[in-house]
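**Student:** Data file target15.pdb (PDB, C-alpha atoms) is appended below.
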ATOM      1  CA  MET A  46      63.057 125.019 171.736
ATOM      2  CA  SER A  47      62.763 128.657 170.691
ATOM      3  CA  ASP A  48      65.708 130.977 171.254
ATOM      4  CA  ALA A  49      63.470 133.043 173.513
ATOM      5  CA  ALA A  50      63.181 131.770 177.086
ATOM      6  CA  VAL A  51      59.905 132.106 178.968
ATOM      7  CA  SER A  52      59.843 133.512 182.492
ATOM      8  CA  GLU A  53      57.858 131.816 185.240
ATOM      9  CA  SER A  54      55.287 134.624 184.922
ATOM     10  CA  GLY A  55      54.730 133.893 181.227
ATOM     11  CA  HIS A  56      56.725 136.831 179.826
ATOM     12  CA  ARG A  57      58.937 135.921 176.862
ATOM     13  CA  LEU A  58      62.596 136.785 177.296
ATOM     14  CA  LYS A  59      65.592 136.459 175.023
ATOM     15  CA  PRO A  60      68.467 136.986 177.517
ATOM     16  CA  LEU A  61      67.774 134.190 180.050
ATOM     17  CA  SER A  62      68.395 130.592 179.011
ATOM     18  CA  PRO A  63      67.172 127.503 180.903
ATOM     19  CA  ALA A  64      70.766 126.787 181.953
ATOM     20  CA  MET A  65      71.108 130.272 183.429
ATOM     21  CA  LEU A  66      67.781 129.856 185.213
ATOM     22  CA  ARG A  67      68.971 126.608 186.814
ATOM     23  CA  GLU A  68      72.209 128.269 187.925
ATOM     24  CA  LEU A  69      70.484 131.307 189.388
ATOM     25  CA  SER A  70      67.896 129.127 191.182
ATOM     26  CA  SER A  71      70.531 127.408 193.315
ATOM     27  CA  ARG A  72      69.670 127.856 197.000
ATOM     28  CA  SER A  73      72.177 128.346 199.806
ATOM     29  CA  ASN A  74      72.042 127.642 203.529
ATOM     30  CA  PHE A  75      75.075 129.911 203.941
ATOM     31  CA  GLN A  76      73.443 132.911 202.264
ATOM     32  CA  GLY A  77      70.239 132.443 204.232
ATOM     33  CA  ALA A  78      72.097 132.031 207.517
ATOM     34  CA  ALA A  79      74.280 135.077 206.906
ATOM     35  CA  ARG A  80      71.291 137.289 206.150
ATOM     36  CA  SER A  81      69.184 135.917 209.025
ATOM     37  CA  LEU A  82      71.934 136.075 211.641
ATOM     38  CA  CYS A  83      72.849 139.622 210.647
ATOM     39  CA  HIS A  84      69.231 140.745 210.787
ATOM     40  CA  TYR A  85      68.464 139.059 214.100
ATOM     41  CA  GLY A  86      71.848 140.011 215.517
ATOM     42  CA  LEU A  87      71.181 143.700 214.963
ATOM     43  CA  ILE A  88      67.704 143.394 216.481
ATOM     44  CA  THR A  89      69.259 141.779 219.563
ATOM     45  CA  LEU A  90      72.023 144.401 219.785
ATOM     46  CA  VAL A  91      69.730 147.407 219.398
ATOM     47  CA  GLY A  92      67.206 145.824 221.774
ATOM     48  CA  ALA A  93      69.923 145.478 224.440
ATOM     49  CA  LEU A  94      70.942 149.100 223.909
ATOM     50  CA  ILE A  95      67.327 150.263 224.245
ATOM     51  CA  TRP A  96      66.949 148.423 227.533
ATOM     52  CA  LYS A  97      70.266 149.725 228.860
ATOM     53  CA  VAL A  98      69.545 153.347 227.927
ATOM     54  CA  THR A  99      65.976 153.100 229.266
ATOM     55  CA  ALA A 100      67.144 151.671 232.578
ATOM     56  CA  THR A 101      69.894 154.283 232.949
ATOM     57  CA  TYR A 102      68.447 157.506 231.537
ATOM     58  CA  GLY A 103      64.750 156.900 230.886
ATOM     59  CA  VAL A 104      62.724 155.904 227.862
ATOM     60  CA  LEU A 105      62.806 159.324 226.160
ATOM     61  CA  TRP A 106      66.544 159.004 225.586
ATOM     62  CA  ALA A 107      65.995 155.610 223.967
ATOM     63  CA  LEU A 108      63.426 156.785 221.389
ATOM     64  CA  PRO A 109      65.955 157.201 218.531
ATOM     65  CA  LEU A 110      67.060 153.614 219.120
ATOM     66  CA  VAL A 111      63.422 152.512 219.229
ATOM     67  CA  ALA A 112      62.923 154.008 215.762
ATOM     68  CA  VAL A 113      65.996 152.162 214.446
ATOM     69  CA  GLN A 114      64.735 148.973 216.044
ATOM     70  CA  GLY A 115      61.404 149.580 214.325
ATOM     71  CA  TYR A 116      63.042 149.423 210.915
ATOM     72  CA  PHE A 117      64.830 146.177 211.735
ATOM     73  CA  VAL A 118      61.826 144.476 213.336
ATOM     74  CA  ALA A 119      59.259 145.499 210.714
ATOM     75  CA  PHE A 120      61.468 144.289 207.890
ATOM     76  CA  LEU A 121      61.489 140.788 209.329
ATOM     77  CA  PHE A 122      58.520 140.677 206.978
ATOM     78  CA  MET A 123      61.116 140.050 204.285
ATOM     79  CA  ALA A 124      62.363 136.945 206.100
ATOM     80  CA  VAL A 125      58.770 135.691 206.223
ATOM     81  CA  HIS A 126      58.384 136.419 202.523
ATOM     82  CA  GLU A 127      61.570 134.688 201.405
ATOM     83  CA  THR A 128      60.997 131.628 203.585
ATOM     84  CA  ALA A 129      57.409 131.430 202.306
ATOM     85  CA  HIS A 130      58.953 130.790 198.889
ATOM     86  CA  LYS A 131      61.302 128.245 200.527
ATOM     87  CA  THR A 132      64.218 130.035 198.840
ATOM     88  CA  ALA A 133      65.941 131.591 201.864
ATOM     89  CA  PHE A 134      67.729 128.294 202.581
ATOM     90  CA  ARG A 135      68.362 125.046 200.789
ATOM     91  CA  SER A 136      67.062 123.291 203.915
ATOM     92  CA  ARG A 137      63.269 123.163 204.203
ATOM     93  CA  GLY A 138      63.596 122.925 207.993
ATOM     94  CA  LEU A 139      65.582 126.170 208.187
ATOM     95  CA  ASN A 140      63.044 127.914 205.962
ATOM     96  CA  LEU A 141      60.255 126.840 208.294
ATOM     97  CA  ALA A 142      62.142 127.732 211.487
ATOM     98  CA  VAL A 143      63.040 131.263 210.374
ATOM     99  CA  GLY A 144      59.622 131.724 208.781
ATOM    100  CA  TYR A 145      57.663 130.756 211.881
ATOM    101  CA  LEU A 146      59.856 132.824 214.221
ATOM    102  CA  SER A 147      59.785 135.921 212.020
ATOM    103  CA  GLY A 148      56.049 135.601 211.449
ATOM    104  CA  PHE A 149      55.438 135.364 215.184
ATOM    105  CA  ILE A 150      57.497 138.490 215.860
ATOM    106  CA  ILE A 151      55.615 140.622 213.330
ATOM    107  CA  GLY A 152      52.164 139.189 214.098
ATOM    108  CA  LEU A 153      51.766 137.442 210.749
ATOM    109  CA  PRO A 154      50.992 133.707 210.992
ATOM    110  CA  TYR A 155      53.409 131.936 208.668
ATOM    111  CA  GLU A 156      51.184 129.229 207.155
ATOM    112  CA  TYR A 157      48.448 131.776 206.540
ATOM    113  CA  TYR A 158      50.880 134.111 204.795
ATOM    114  CA  CYS A 159      52.259 131.335 202.567
ATOM    115  CA  LEU A 160      48.780 130.721 201.137
ATOM    116  CA  PHE A 161      47.956 134.434 200.950
ATOM    117  CA  HIS A 162      51.188 135.102 199.082
ATOM    118  CA  TRP A 163      50.734 132.158 196.727
ATOM    119  CA  ASP A 164      47.508 133.688 195.453
ATOM    120  CA  HIS A 165      49.187 137.098 195.219
ATOM    121  CA  HIS A 166      51.678 135.604 192.760
ATOM    122  CA  ARG A 167      48.976 133.723 190.850
ATOM    123  CA  TYR A 168      46.721 136.765 190.500
ATOM    124  CA  THR A 169      49.035 139.774 190.751
ATOM    125  CA  GLN A 170      47.124 143.020 190.120
ATOM    126  CA  ASP A 171      43.818 141.211 189.578
ATOM    127  CA  PRO A 172      41.409 143.400 191.622
ATOM    128  CA  ASP A 173      39.053 140.480 192.253
ATOM    129  CA  LYS A 174      41.579 137.751 193.101
ATOM    130  CA  ASP A 175      44.874 139.273 194.263
ATOM    131  CA  PRO A 176      44.615 139.142 198.092
ATOM    132  CA  GLU A 177      46.722 142.285 198.425
ATOM    133  CA  LEU A 178      44.095 144.201 196.471
ATOM    134  CA  VAL A 179      41.078 142.415 197.960
ATOM    135  CA  VAL A 180      42.054 143.372 201.528
ATOM    136  CA  GLY A 181      43.904 146.529 200.539
ATOM    137  CA  VAL A 182      42.949 149.893 201.987
ATOM    138  CA  LYS A 183      40.907 152.102 199.641
ATOM    139  CA  PRO A 184      41.382 155.608 201.086
ATOM    140  CA  LYS A 185      38.639 158.176 200.475
ATOM    141  CA  SER A 186      40.557 161.196 201.790
ATOM    142  CA  ASP A 187      44.126 162.365 202.370
ATOM    143  CA  THR A 188      43.691 161.582 206.060
ATOM    144  CA  GLN A 189      42.739 157.995 205.273
ATOM    145  CA  LEU A 190      45.607 157.809 202.795
ATOM    146  CA  ALA A 191      48.086 158.952 205.445
ATOM    147  CA  LEU A 192      46.667 156.365 207.839
ATOM    148  CA  ALA A 193      47.106 153.692 205.154
ATOM    149  CA  TYR A 194      50.759 154.703 204.685
ATOM    150  CA  SER A 195      51.302 154.401 208.437
ATOM    151  CA  GLY A 196      50.692 150.656 208.111
ATOM    152  CA  LEU A 197      48.733 150.542 211.363
ATOM    153  CA  LEU A 198      45.472 149.581 209.690
ATOM    154  CA  GLN A 199      47.146 146.634 208.012
ATOM    155  CA  VAL A 200      48.695 145.372 211.267
ATOM    156  CA  VAL A 201      45.451 145.755 213.192
ATOM    157  CA  GLY A 202      43.581 144.012 210.374
ATOM    158  CA  ARG A 203      45.812 140.956 210.241
ATOM    159  CA  VAL A 204      45.960 140.631 214.042
ATOM    160  CA  TRP A 205      42.169 140.921 214.199
ATOM    161  CA  LEU A 206      41.852 138.236 211.519
ATOM    162  CA  MET A 207      44.229 135.970 213.424
ATOM    163  CA  PHE A 208      42.206 136.397 216.626
ATOM    164  CA  GLY A 209      39.042 135.692 214.661
ATOM    165  CA  HIS A 210      40.494 132.438 213.363
ATOM    166  CA  ALA A 211      41.605 131.480 216.868
ATOM    167  CA  VAL A 212      38.338 132.301 218.627
ATOM    168  CA  THR A 213      35.725 131.214 216.076
ATOM    169  CA  GLY A 214      37.621 128.339 214.518
ATOM    170  CA  LYS A 215      36.367 129.497 211.114
ATOM    171  CA  VAL A 216      38.324 130.584 208.051
ATOM    172  CA  VAL A 217      36.321 132.125 205.223
ATOM    173  CA  VAL A 218      38.859 134.086 203.147
ATOM    174  CA  PRO A 219      38.974 132.680 199.582
ATOM    175  CA  TRP A 220      42.757 132.249 199.364
ATOM    176  CA  ILE A 221      42.717 129.563 202.075
ATOM    177  CA  PRO A 222      41.585 126.225 200.561
ATOM    178  CA  GLU A 223      39.140 124.097 202.512
ATOM    179  CA  ASN A 224      41.710 121.386 203.242
ATOM    180  CA  ARG A 225      44.099 123.918 204.845
ATOM    181  CA  ARG A 226      41.657 125.780 207.071
ATOM    182  CA  ALA A 227      42.111 123.559 210.125
ATOM    183  CA  ILE A 228      45.875 124.206 210.004
ATOM    184  CA  ILE A 229      45.274 127.961 209.854
ATOM    185  CA  VAL A 230      43.006 127.780 212.922
ATOM    186  CA  THR A 231      45.548 125.712 214.853
ATOM    187  CA  GLU A 232      48.330 128.101 213.898
ATOM    188  CA  ALA A 233      46.300 131.134 214.983
ATOM    189  CA  ARG A 234      45.519 129.538 218.331
ATOM    190  CA  ALA A 235      49.182 128.706 218.912
ATOM    191  CA  TYR A 236      50.230 132.287 218.141
ATOM    192  CA  VAL A 237      47.539 133.774 220.392
ATOM    193  CA  ALA A 238      48.452 131.414 223.233
ATOM    194  CA  LEU A 239      52.123 132.389 223.016
ATOM    195  CA  TYR A 240      51.286 136.103 222.905
ATOM    196  CA  ALA A 241      49.076 135.647 225.970
ATOM    197  CA  LEU A 242      51.878 133.826 227.778
ATOM    198  CA  LEU A 243      54.338 136.647 227.053
ATOM    199  CA  LEU A 244      51.804 139.212 228.269
ATOM    200  CA  VAL A 245      51.249 137.290 231.509
ATOM    201  CA  LEU A 246      55.002 136.978 232.094
ATOM    202  CA  SER A 247      55.525 140.696 231.440
ATOM    203  CA  LEU A 248      52.801 141.575 233.949
ATOM    204  CA  TRP A 249      54.096 139.033 236.465
ATOM    205  CA  PHE A 250      57.589 140.532 236.380
ATOM    206  CA  SER A 251      56.290 144.116 235.976
ATOM    207  CA  SER A 252      58.552 144.430 232.947
ATOM    208  CA  ALA A 253      58.171 146.778 229.984
ATOM    209  CA  LEU A 254      61.059 145.097 228.162
ATOM    210  CA  LEU A 255      58.966 143.596 225.353
ATOM    211  CA  LEU A 256      56.983 146.804 224.964
ATOM    212  CA  TRP A 257      60.025 148.929 224.148
ATOM    213  CA  VAL A 258      62.233 146.453 222.299
ATOM    214  CA  TRP A 259      59.459 144.732 220.303
ATOM    215  CA  ILE A 260      55.869 146.063 220.311
ATOM    216  CA  VAL A 261      56.456 149.805 219.994
ATOM    217  CA  PRO A 262      59.258 149.319 217.430
ATOM    218  CA  LEU A 263      57.008 147.017 215.393
ATOM    219  CA  MET A 264      54.366 149.751 215.217
ATOM    220  CA  ILE A 265      56.868 152.488 214.358
ATOM    221  CA  GLY A 266      58.485 150.253 211.770
ATOM    222  CA  GLN A 267      55.289 150.162 209.724
ATOM    223  CA  LEU A 268      56.039 153.766 208.730
ATOM    224  CA  PHE A 269      59.026 152.374 206.814
ATOM    225  CA  LEU A 270      57.544 149.076 205.672
ATOM    226  CA  ARG A 271      54.211 150.186 204.232
ATOM    227  CA  PRO A 272      55.570 152.765 201.729
ATOM    228  CA  TYR A 273      58.087 150.118 200.659
ATOM    229  CA  LEU A 274      55.300 147.591 200.048
ATOM    230  CA  TYR A 275      53.175 150.098 198.153
ATOM    231  CA  ALA A 276      56.111 150.657 195.808
ATOM    232  CA  GLU A 277      55.995 147.041 194.611
ATOM    233  CA  HIS A 278      52.856 147.231 192.449
ATOM    234  CA  THR A 279      51.004 150.519 192.962
ATOM    235  CA  GLY A 280      50.363 152.266 189.657
ATOM    236  CA  CYS A 281      51.634 149.366 187.567
ATOM    237  CA  ASP A 282      49.635 147.707 184.776
ATOM    238  CA  ARG A 283      46.972 145.097 185.452
ATOM    239  CA  THR A 284      48.385 142.411 183.187
ATOM    240  CA  ARG A 285      49.784 138.902 183.675
ATOM    241  CA  SER A 286      53.357 139.924 182.879
ATOM    242  CA  ALA A 287      55.583 140.624 185.875
ATOM    243  CA  PHE A 288      57.524 143.014 183.661
ATOM    244  CA  GLN A 289      54.425 145.197 183.441
ATOM    245  CA  ASN A 290      52.522 144.650 186.704
ATOM    246  CA  THR A 291      55.430 145.073 189.119
ATOM    247  CA  ARG A 292      58.022 147.742 189.923
ATOM    248  CA  THR A 293      61.723 147.369 190.612
ATOM    249  CA  THR A 294      63.038 150.174 192.806
ATOM    250  CA  TYR A 295      66.699 151.128 192.567
ATOM    251  CA  THR A 296      68.008 151.950 196.023
ATOM    252  CA  GLY A 297      71.069 151.772 198.260
ATOM    253  CA  ALA A 298      72.933 148.716 199.500
ATOM    254  CA  ILE A 299      71.734 149.011 203.115
ATOM    255  CA  VAL A 300      68.070 149.048 202.089
ATOM    256  CA  LYS A 301      68.612 146.102 199.751
ATOM    257  CA  TRP A 302      70.289 144.164 202.550
ATOM    258  CA  PHE A 303      67.465 144.533 205.075
ATOM    259  CA  THR A 304      64.802 143.986 202.426
ATOM    260  CA  TRP A 305      66.520 140.781 201.319
ATOM    261  CA  ASN A 306      67.020 142.211 197.790
ATOM    262  CA  MET A 307      63.268 142.485 197.212
ATOM    263  CA  PRO A 308      63.531 145.972 195.679
ATOM    264  CA  TYR A 309      64.374 143.794 192.652
ATOM    265  CA  HIS A 310      60.692 142.983 192.648
ATOM    266  CA  VAL A 311      60.051 142.598 188.933
ATOM    267  CA  GLU A 312      62.814 140.020 188.898
ATOM    268  CA  HIS A 313      61.292 138.208 191.859
ATOM    269  CA  HIS A 314      57.806 138.077 190.347
ATOM    270  CA  ALA A 315      59.115 136.990 186.959
ATOM    271  CA  TYR A 316      61.201 134.192 188.489
ATOM    272  CA  PRO A 317      59.967 133.461 192.049
ATOM    273  CA  SER A 318      62.090 130.304 192.277
ATOM    274  CA  ILE A 319      65.294 132.383 192.178
ATOM    275  CA  PRO A 320      66.509 133.089 195.745
ATOM    276  CA  PHE A 321      67.096 136.571 197.122
ATOM    277  CA  HIS A 322      70.890 136.455 196.868
ATOM    278  CA  ALA A 323      70.802 135.865 193.079
ATOM    279  CA  LEU A 324      68.403 138.714 192.256
ATOM    280  CA  PRO A 325      71.151 141.310 191.637
ATOM    281  CA  LYS A 326      72.643 138.995 188.989
ATOM    282  CA  LEU A 327      69.205 138.477 187.455
ATOM    283  CA  ASN A 328      68.687 142.243 187.366
ATOM    284  CA  VAL A 329      71.774 142.678 185.190
ATOM    285  CA  ILE A 330      70.335 140.171 182.715
ATOM    286  CA  VAL A 331      66.742 141.431 182.477
ATOM    287  CA  ASP A 332      67.129 145.112 183.337
ATOM    288  CA  GLY A 333      66.237 146.226 179.821
ATOM    289  CA  GLU A 334      62.863 144.434 180.030
ATOM    290  CA  ILE A 335      61.661 146.326 183.132
ATOM    291  CA  LEU A 336      58.905 148.849 182.503
ATOM    292  CA  TYR A 337      58.319 150.373 185.953
ATOM    293  CA  ARG A 338      61.538 151.582 187.569
ATOM    294  CA  GLY A 339      61.499 153.381 190.901
ATOM    295  CA  ARG A 340      64.344 155.798 191.620
ATOM    296  CA  GLY A 341      64.659 155.500 195.381
ATOM    297  CA  TYR A 342      61.868 155.066 197.907
ATOM    298  CA  ILE A 343      61.298 158.730 198.718
ATOM    299  CA  ARG A 344      60.627 159.584 195.093
ATOM    300  CA  THR A 345      58.646 156.389 194.485
ATOM    301  CA  THR A 346      56.490 157.027 197.552
ATOM    302  CA  ARG A 347      55.607 160.449 196.172
ATOM    303  CA  GLU A 348      54.586 158.734 192.933
ATOM    304  CA  THR A 349      52.457 156.054 194.620
ATOM    305  CA  TRP A 350      50.805 158.660 196.866
ATOM    306  CA  ALA A 351      49.940 160.729 193.792
ATOM    307  CA  TRP A 352      48.557 157.630 192.065
ATOM    308  CA  PHE A 353      46.221 156.882 194.994
ATOM    309  CA  ARG A 354      44.976 160.481 194.918
ATOM    310  CA  ARG A 355      44.320 160.327 191.167
ATOM    311  CA  GLN A 356      42.406 157.078 191.595
ATOM    312  CA  ARG A 357      40.246 158.609 194.302
ATOM    313  CA  GLN A 358      39.510 161.705 192.194
ATOM    314  CA  ALA A 359      38.732 159.606 189.121
ATOM    315  CA  GLY A 360      36.402 157.324 191.087
TER     316      GLY A 360
END
Could you quickly redo this structure as structure tokens?

**Tutor:**
Amino acid sequence: MSDAAVSESGHRLKPLSPAMLRELSSRSNFQGAARSLCHYGLITLVGALIWKVTATYGVLWALPLVAVQGYFVAFLFMAVHETAHKTAFRSRGLNLAVGYLSGFIIGLPYEYYCLFHWDHHRYTQDPDKDPELVVGVKPKSDTQLALAYSGLLQVVGRVWLMFGHAVTGKVVVPWIPENRRAIIVTEARAYVALYALLLVLSLWFSSALLLWVWIVPLMIGQLFLRPYLYAEHTGCDRTRSAFQNTRTTYTGAIVKWFTWNMPYHVEHHAYPSIPFHALPKLNVIVDGEILYRGRGYIRTTRETWAWFRRQRQAG
């Protein structure tokens, strides 16, 4: 074997040996449970505070807590992402349980996302095959760009698609293979039925609990999540190498915790079998190979916004 190791994305590396790859790829039920319980625990705590403040003083006094809850709820997307790779836990059952629950909370059917995300890794930055680019918003004005960064279009789009699958029983998107389409329809119908049940119960009890601790925070949280997601690949090269088509963003410990270390996104795309808790160690090893390096999300968002504007002007 050559002295140079080859990443899972095809990029040749000298620093990472097969033995190191095996060590870093070790999965942990403890790490997954710690991250999940912390994330869900804070959602539960802040949700209880929102309901208490709302009941005592009125909803206006709870709005700062609703915004905080929005960050926590929206970033359950990261739990869906990590469990889609089956790397959050060693146990497949725990991956599925946390994946399905998190997907339900953010309105993103889990089985559908697993297949969507598989093609994203296979065809990263391919404008014709990467699902993120195929369904991505292509803003034609600053107003449309601002709306795209709000994340609302993306949420409405995926919920509309889910309802379409549930109602029509048809799946036509190319990243869902023919032999998996029945599962996607069944999943969509189960999600829609559960949402309908929760709506009926809320109306029956005349309760706005779910509105203020879940639905409104989920919408507000997109203002944090969407700029984060745009930072992953926007403005990067359209090549097969993860070290050229993906960005790692260097940020604080709190952000890395709630994003399940996915700011180390080059590392994740280069070696998707390595679980979230080992990505900081991988970063130390491959840091010198990374081409696109974000310096915090405020600065990186300015850069991605400017890139979208340049693309629109050039087109």

**Student:** Determine the nearest neighbour of Pro325 (chain A) from the options A:Trp302, A:Phe134, A:Tyr342, A:Phe269, counting all atoms listed in the file.

**Tutor:**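 Comparing A:Trp302, A:Phe134, A:Tyr342, A:Phe269 against Pro325 (chain A), the winner is A:Trp302.
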
**Student:** How would you write, as a list in words, the residues chosen by the PyMOL selection byres ((chain A and resi 95) around 10) on this structure?

**Tutor:** Thr89, Leu90, Val91, Gly92, Ala93, Leu94, Trp96, Lys97, Val98, Thr99, Ala100, Thr101, Gly103, Val104, Trp106, Ala107, Leu108, Pro109, Leu110, Val111, Gln114, Leu254, Trp257 and Val258 of chain A

**Student:** Residues at most 8 Å from Leu324 (chain A), counting all atoms listed in the file, excluding those fewer than 2 positions away in the same chain, as a PyMOL selection string?

**Tutor:** chain A and resi 306+309+312-313+319-322+326-328

**Student:** Which is closest to Arg355 (chain A) among A:Asp282, A:Asp187, A:Glu277, A:Glu232, if we use all atoms listed in the file?

**Tutor:**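 Selected residue with least distance to Arg355 (chain A): A:Asp187.
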
**Student:** From the options A:Phe353, A:Phe250, A:Phe122, A:Tyr85, which residue's atoms come nearest to Val200 (chain A), counting all atoms listed in the file?

**Tutor:**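 Answer, going by the shortest atom-to-atom distance: A:Phe122.
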
**Student:** Would you please work out which residue, of A:Gly333, A:Gly214, A:Gly202, A:Gly297, is nearest to Val230 (chain A) when using all atoms listed in the file?

**Tutor:**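 Using all atoms listed in the file, Val230 (chain A) sits closest to A:Gly214.
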
**Student:** Which residue out of A:Ala233, A:Leu274, A:Val201, A:Cys281 has the minimum interatomic distance to Asp171 (chain A) when all atoms listed in the file are used?

**Tutor:** A:Cys281

**Student:** I need the residue set behind the PyMOL selection byres ((chain A and resi 278) around 10) for this file; please write it as a list in words.

**Tutor:**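 Evaluating the PyMOL selection byres ((chain A and resi 278) around 10) on these coordinates yields Thr169, Gln170, Glu177, Leu274, Tyr275, Ala276, Glu277, Thr279, Gly280, Cys281, Asp282, Arg283, Ala287, Gln289, Asn290, Thr291, Arg292, Thr293, His310, Val311, Tyr337 and Thr349 of chain A.
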
**Student:** Starting from the displayed file, determine the output of the PyMOL selection byres ((chain A and resi 213) around 12) and express the residue list as a ChimeraX atom specification.

**Tutor:** /A:205-212,214-217,227,229-231,233-234

**Student:** Using Å and a single decimal, report how far CA of Leu146 (chain A) sits from CA of Phe117 (chain A).

**Tutor:** 14.5 Å
